[in-house]
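Below: one structure, written as structure tokens.
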Amino acid sequence: MLAVASAVVAVATVTGAISALDGGRGADAARSAATGSPHVDRLTAAPPPSATVTKSPSRKPRSPASSRSRATSAPAASEREQRSSTVSALLYRHPDSHVLDWVRAHPADPRTPLIASRIADRPAAVWFADPSPSAIASRVRAVTSGAAAQGRVPVLVAYAIPDRDCGGASEGGAPDLDAYDRWIDAFAAGLGSGEVVVVLEPDSIAQAGCLPAARRAGRFASLARAGRVLKAADPKARVYYDAGHSGWHPAGEQAALLRQAGAASPASSDGIFSNVSNFRPTSDEITYDRRVLDALGGPARLGAVIDTSRNGNGAPADGTWCDPAGRRLGQAPTLSTGQARIDAYLWVKLPGESDGCEGAPGTFSPSYAYALASS
């Protein structure tokens, strides 16, 4: 089953630590099964300090596999210890996103207050999907400097790996690995010196089976290099590698792939991420991510971050992956999960940005956003 990574571009400033809403209770629905490229690569200048960034790309699955999530119970109370972390408790909301565009343009819409308070006012990841290195440093710097000015932690998604989505709906990326290495160098140049979370190339590892062995090895070498470059450029950067999700590869198999890509090395990695753009229950992802980390080895400090943006109501009974009805928002974004080895719950996919059924992939659907926010 192919994982999916829908992007989410962030939003404006948060006023304090955002704690998890459901304490690990959130049930994610089945996650979609493939990576998708940005449907519209909007590079819209936002009010300073901001950046010209890609709005959330949406992905369409190509291999449905089992899209139902398992009813795994939440970890026992004895496991609910908070892992120490150098990352602060405050996440940054970048003031440019599809949902904010809609909220600003529709102040009189009766749906606006709920969408604004429950989606637009939450921090979310900023995606960088343009493979051209010419402006990437300044775009990244605009986000990181905006976050630093507010004492917040931005979440950035690097999404330009060659052969992205293996020719599927999100195909694209840099033309080759040499170009990708240059793009990463430019990306790293924009990080600055503050705290930042980098979600490195969704689906790049879990989906790598589509590549011949030599190209897969080349991709993994570039990903390992990318982590080293990012962490050398900003020692406070935390870099997380693609673990797919709990319904995709077995934990040991995924860990073996991650190890080849440098995810066990402290010079390149702070751990793994899972469930990007999917609906799988947070409890399932916690269990799965811990198993992956155990199999991965490496320093005990390695942790996991989980996309909880739309996983709050379990998998639809029929396994629908595309804008399924009856879903709801998951745990609020936070860097204080209270769960051992789980560093953060993040909104990597911005709720309301369509998978391709409520609207064109990556476009904002106020009706879907309202349904998620009001469920």
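All residue names refer to the structure tokens as shown: chains lettered A, B, ... in order, residues numbered from 1 in each chain, ligands numbered from 1 in order.
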
*List every residue of segment 95-317 of chain A that DSSP, applied to the backbone of this structure, places in strand (DSSP E or B), and write the result as a list in words.*
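Result set for segment 95-317 of chain A (strand (DSSP E or B)): Val126, Trp127, Phe128, Val153, Val155, Leu156, Val157, Ala158, Val196, Val197, Val198, Val199, Leu200, Ala237, Arg238, Val239, Tyr240, Tyr241, Asp242, Gly271, Ile272, Phe273, Ser274, Gly303, Ala304, Val305, Ile306, Asp307 and Gly314 of chain A.
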
For the residues selected in the previous step, produce a file with N, CA and C atoms as a PDB file, in the first residue's frame.
ATOM      1  N   VAL A 126       4.417  23.678   6.465  1.00  0.00           N
ATOM      2  CA  VAL A 126       4.618  24.445   5.232  1.00  0.00           C
ATOM      3  C   VAL A 126       5.368  23.555   4.252  1.00  0.00           C
ATOM      4  N   TRP A 127       4.760  23.339   3.095  1.00  0.00           N
ATOM      5  CA  TRP A 127       5.351  22.452   2.097  1.00  0.00           C
ATOM      6  C   TRP A 127       6.170  23.227   1.072  1.00  0.00           C
ATOM      7  N   PHE A 128       7.324  22.652   0.700  1.00  0.00           N
ATOM      8  CA  PHE A 128       8.187  23.214  -0.341  1.00  0.00           C
ATOM      9  C   PHE A 128       8.364  22.137  -1.406  1.00  0.00           C
ATOM     10  N   VAL A 153       8.163  27.420  16.671  1.00  0.00           N
ATOM     11  CA  VAL A 153       8.851  26.358  15.935  1.00  0.00           C
ATOM     12  C   VAL A 153       8.085  26.075  14.649  1.00  0.00           C
ATOM     13  N   VAL A 155       7.205  24.007  11.115  1.00  0.00           N
ATOM     14  CA  VAL A 155       7.295  22.653  10.567  1.00  0.00           C
ATOM     15  C   VAL A 155       7.384  22.787   9.053  1.00  0.00           C
ATOM     16  N   LEU A 156       8.468  22.294   8.484  1.00  0.00           N
ATOM     17  CA  LEU A 156       8.720  22.410   7.052  1.00  0.00           C
ATOM     18  C   LEU A 156       8.719  21.023   6.422  1.00  0.00           C
ATOM     19  N   VAL A 157       8.123  20.912   5.250  1.00  0.00           N
ATOM     20  CA  VAL A 157       8.125  19.645   4.511  1.00  0.00           C
ATOM     21  C   VAL A 157       8.967  19.826   3.256  1.00  0.00           C
ATOM     22  N   ALA A 158      10.060  19.096   3.186  1.00  0.00           N
ATOM     23  CA  ALA A 158      10.879  19.071   1.971  1.00  0.00           C
ATOM     24  C   ALA A 158      10.307  18.005   1.049  1.00  0.00           C
ATOM     25  N   VAL A 196      13.535  24.093  14.438  1.00  0.00           N
ATOM     26  CA  VAL A 196      12.701  23.835  13.273  1.00  0.00           C
ATOM     27  C   VAL A 196      12.521  22.335  13.157  1.00  0.00           C
ATOM     28  N   VAL A 197      11.340  21.906  12.730  1.00  0.00           N
ATOM     29  CA  VAL A 197      11.061  20.499  12.463  1.00  0.00           C
ATOM     30  C   VAL A 197      10.985  20.320  10.951  1.00  0.00           C
ATOM     31  N   VAL A 198      11.744  19.367  10.421  1.00  0.00           N
ATOM     32  CA  VAL A 198      11.743  19.092   8.982  1.00  0.00           C
ATOM     33  C   VAL A 198      11.182  17.693   8.745  1.00  0.00           C
ATOM     34  N   VAL A 199      10.079  17.630   8.021  1.00  0.00           N
ATOM     35  CA  VAL A 199       9.500  16.362   7.558  1.00  0.00           C
ATOM     36  C   VAL A 199      10.124  16.102   6.185  1.00  0.00           C
ATOM     37  N   LEU A 200      11.031  15.142   6.146  1.00  0.00           N
ATOM     38  CA  LEU A 200      11.870  14.960   4.963  1.00  0.00           C
ATOM     39  C   LEU A 200      11.252  13.958   3.985  1.00  0.00           C
ATOM     40  N   ALA A 237      17.870  22.029  14.224  1.00  0.00           N
ATOM     41  CA  ALA A 237      16.873  21.411  13.343  1.00  0.00           C
ATOM     42  C   ALA A 237      16.651  19.967  13.758  1.00  0.00           C
ATOM     43  N   ARG A 238      15.392  19.527  13.702  1.00  0.00           N
ATOM     44  CA  ARG A 238      15.052  18.133  13.966  1.00  0.00           C
ATOM     45  C   ARG A 238      14.491  17.551  12.671  1.00  0.00           C
ATOM     46  N   VAL A 239      15.120  16.482  12.200  1.00  0.00           N
ATOM     47  CA  VAL A 239      14.825  15.916  10.886  1.00  0.00           C
ATOM     48  C   VAL A 239      14.193  14.530  11.061  1.00  0.00           C
ATOM     49  N   TYR A 240      13.048  14.332  10.417  1.00  0.00           N
ATOM     50  CA  TYR A 240      12.310  13.079  10.546  1.00  0.00           C
ATOM     51  C   TYR A 240      12.145  12.420   9.174  1.00  0.00           C
ATOM     52  N   TYR A 241      12.262  11.084   9.176  1.00  0.00           N
ATOM     53  CA  TYR A 241      12.257  10.289   7.950  1.00  0.00           C
ATOM     54  C   TYR A 241      10.954   9.501   7.797  1.00  0.00           C
ATOM     55  N   ASP A 242      10.643   9.178   6.560  1.00  0.00           N
ATOM     56  CA  ASP A 242       9.369   8.569   6.163  1.00  0.00           C
ATOM     57  C   ASP A 242       9.226   7.126   6.644  1.00  0.00           C
ATOM     58  N   GLY A 271      14.573  10.871  13.981  1.00  0.00           N
ATOM     59  CA  GLY A 271      13.546   9.845  14.067  1.00  0.00           C
ATOM     60  C   GLY A 271      12.717   9.739  12.812  1.00  0.00           C
ATOM     61  N   ILE A 272      11.444   9.445  12.973  1.00  0.00           N
ATOM     62  CA  ILE A 272      10.568   9.085  11.863  1.00  0.00           C
ATOM     63  C   ILE A 272       9.251   9.858  11.925  1.00  0.00           C
ATOM     64  N   PHE A 273       8.538   9.886  10.794  1.00  0.00           N
ATOM     65  CA  PHE A 273       7.173  10.428  10.777  1.00  0.00           C
ATOM     66  C   PHE A 273       6.258   9.389  10.138  1.00  0.00           C
ATOM     67  N   SER A 274       4.968   9.458  10.496  1.00  0.00           N
ATOM     68  CA  SER A 274       4.003   8.519   9.930  1.00  0.00           C
ATOM     69  C   SER A 274       2.635   9.156   9.776  1.00  0.00           C
ATOM     70  N   GLY A 303      12.849   9.687  18.004  1.00  0.00           N
ATOM     71  CA  GLY A 303      11.416   9.658  18.268  1.00  0.00           C
ATOM     72  C   GLY A 303      10.602   9.674  16.992  1.00  0.00           C
ATOM     73  N   ALA A 304       9.309   9.923  17.126  1.00  0.00           N
ATOM     74  CA  ALA A 304       8.400   9.911  15.988  1.00  0.00           C
ATOM     75  C   ALA A 304       7.449  11.084  16.067  1.00  0.00           C
ATOM     76  N   VAL A 305       7.020  11.548  14.891  1.00  0.00           N
ATOM     77  CA  VAL A 305       5.948  12.533  14.800  1.00  0.00           C
ATOM     78  C   VAL A 305       4.843  11.940  13.939  1.00  0.00           C
ATOM     79  N   ILE A 306       3.607  12.272  14.280  1.00  0.00           N
ATOM     80  CA  ILE A 306       2.432  11.658  13.651  1.00  0.00           C
ATOM     81  C   ILE A 306       1.524  12.747  13.102  1.00  0.00           C
ATOM     82  N   ASP A 307       1.064  12.576  11.872  1.00  0.00           N
ATOM     83  CA  ASP A 307       0.073  13.487  11.294  1.00  0.00           C
ATOM     84  C   ASP A 307      -1.300  13.131  11.861  1.00  0.00           C
ATOM     85  N   GLY A 314     -11.868   7.630  13.033  1.00  0.00           N
ATOM     86  CA  GLY A 314     -11.725   6.263  12.545  1.00  0.00           C
ATOM     87  C   GLY A 314     -11.889   6.118  11.048  1.00  0.00           C
TER      88      GLY A 314
END

Please return as a compact mmCIF listing (two decimals) with C-alpha atoms, in the first residue's frame: the residues of segment 120-354 of chain A that backbone DSSP assigns to alpha helix (DSSP H).
# COMPACT_ATOMS: atom_id res chain seq x y z
CA ILE A 136 14.20 27.91 -2.15
CA ALA A 137 16.64 29.37 0.37
CA SER A 138 14.77 32.67 0.53
CA ARG A 139 11.41 30.92 0.76
CA VAL A 140 12.54 28.72 3.62
CA ARG A 141 14.19 31.69 5.31
CA ALA A 142 10.98 33.69 5.14
CA VAL A 143 9.19 31.00 7.15
CA THR A 144 11.96 30.32 9.63
CA SER A 145 12.63 34.01 10.26
CA GLY A 146 8.93 34.64 10.77
CA ALA A 147 8.81 31.83 13.29
CA ALA A 148 11.97 33.00 15.05
CA ALA A 149 10.57 36.51 15.42
CA GLN A 150 7.68 35.03 17.39
CA LEU A 177 19.85 13.30 -7.53
CA ASP A 178 22.63 15.80 -8.20
CA ALA A 179 19.99 18.48 -8.68
CA TYR A 180 18.22 17.29 -5.55
CA ASP A 181 21.41 17.53 -3.53
CA ARG A 182 21.81 21.14 -4.69
CA TRP A 183 18.17 21.81 -3.77
CA ILE A 184 18.73 20.44 -0.27
CA ASP A 185 21.83 22.61 0.09
CA ALA A 186 19.73 25.66 -0.77
CA PHE A 187 16.90 24.52 1.52
CA ALA A 188 19.38 24.14 4.38
CA ALA A 189 20.75 27.62 3.75
CA ALA A 213 17.76 -1.46 -6.77
CA ALA A 214 20.47 0.93 -7.97
CA ARG A 215 18.17 3.93 -8.11
CA ARG A 216 16.70 3.05 -4.74
CA ALA A 217 20.20 2.93 -3.23
CA GLY A 218 20.97 6.29 -4.83
CA ARG A 219 17.81 7.80 -3.38
CA PHE A 220 18.61 6.50 0.09
CA ALA A 221 22.16 7.89 -0.13
CA SER A 222 20.77 11.31 -1.04
CA LEU A 223 18.27 11.19 1.80
CA ALA A 224 21.02 10.32 4.27
CA ARG A 225 23.07 13.20 2.91
CA ALA A 226 20.06 15.50 3.14
CA GLY A 227 19.67 14.82 6.84
CA ARG A 228 23.35 15.49 7.48
CA VAL A 229 23.27 18.73 5.52
CA LEU A 230 20.14 20.00 7.26
CA LYS A 231 21.43 19.23 10.74
CA ALA A 232 24.89 20.65 10.01
CA ALA A 233 23.33 23.87 8.71
CA ALA A 251 7.63 -2.41 11.22
CA GLY A 252 10.79 -4.47 10.76
CA GLU A 253 10.68 -4.13 6.98
CA GLN A 254 10.15 -0.37 7.18
CA ALA A 255 12.97 -0.04 9.73
CA ALA A 256 15.37 -1.82 7.37
CA LEU A 257 14.55 0.68 4.62
CA LEU A 258 14.87 3.61 7.01
CA ARG A 259 18.28 2.40 8.16
CA GLN A 260 19.54 2.39 4.57
CA THR A 282 -3.22 7.82 16.64
CA SER A 283 -3.10 4.80 18.96
CA ASP A 284 -2.24 2.55 15.98
CA GLU A 285 0.48 4.93 14.87
CA ILE A 286 1.99 5.16 18.35
CA THR A 287 2.26 1.39 18.56
CA TYR A 288 3.60 1.08 15.03
CA ASP A 289 6.11 3.92 15.34
CA ARG A 290 7.54 2.48 18.56
CA ARG A 291 7.97 -0.87 16.84
CA VAL A 292 9.73 0.78 13.92
CA LEU A 293 12.01 2.71 16.27
CA ASP A 294 12.84 -0.44 18.23
CA ALA A 295 13.73 -2.27 15.02
CA LEU A 296 15.60 0.72 13.64

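Pairwise distance (atom CA of Arg301 of chain A, atom CA of Gly194 of chain A) equals 19.7 Å.
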
Expressed in Å, the length from atom CA of Tyr159 of chain A to atom CA of Ile205 of chain A is 12.5 Å

Practice prompt. Measuring atom to atom with only C-alpha atoms, identify which of A:Pro281, A:Gly312, A:Gly362, A:Pro333 is nearest to Arg93 of chain A.
Written response: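 Residue with the minimum atom-to-atom distance to Arg93 of chain A: A:Pro333.
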
- Query: So which one's closest to Pro235 of chain A, A:Ile115, A:Ser193, A:Ala160, A:Gly209? Using only C-alpha atoms, please.
  - Reply: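 Once distances to Pro235 of chain A are computed over only C-alpha atoms, the minimum belongs to A:Ser193.
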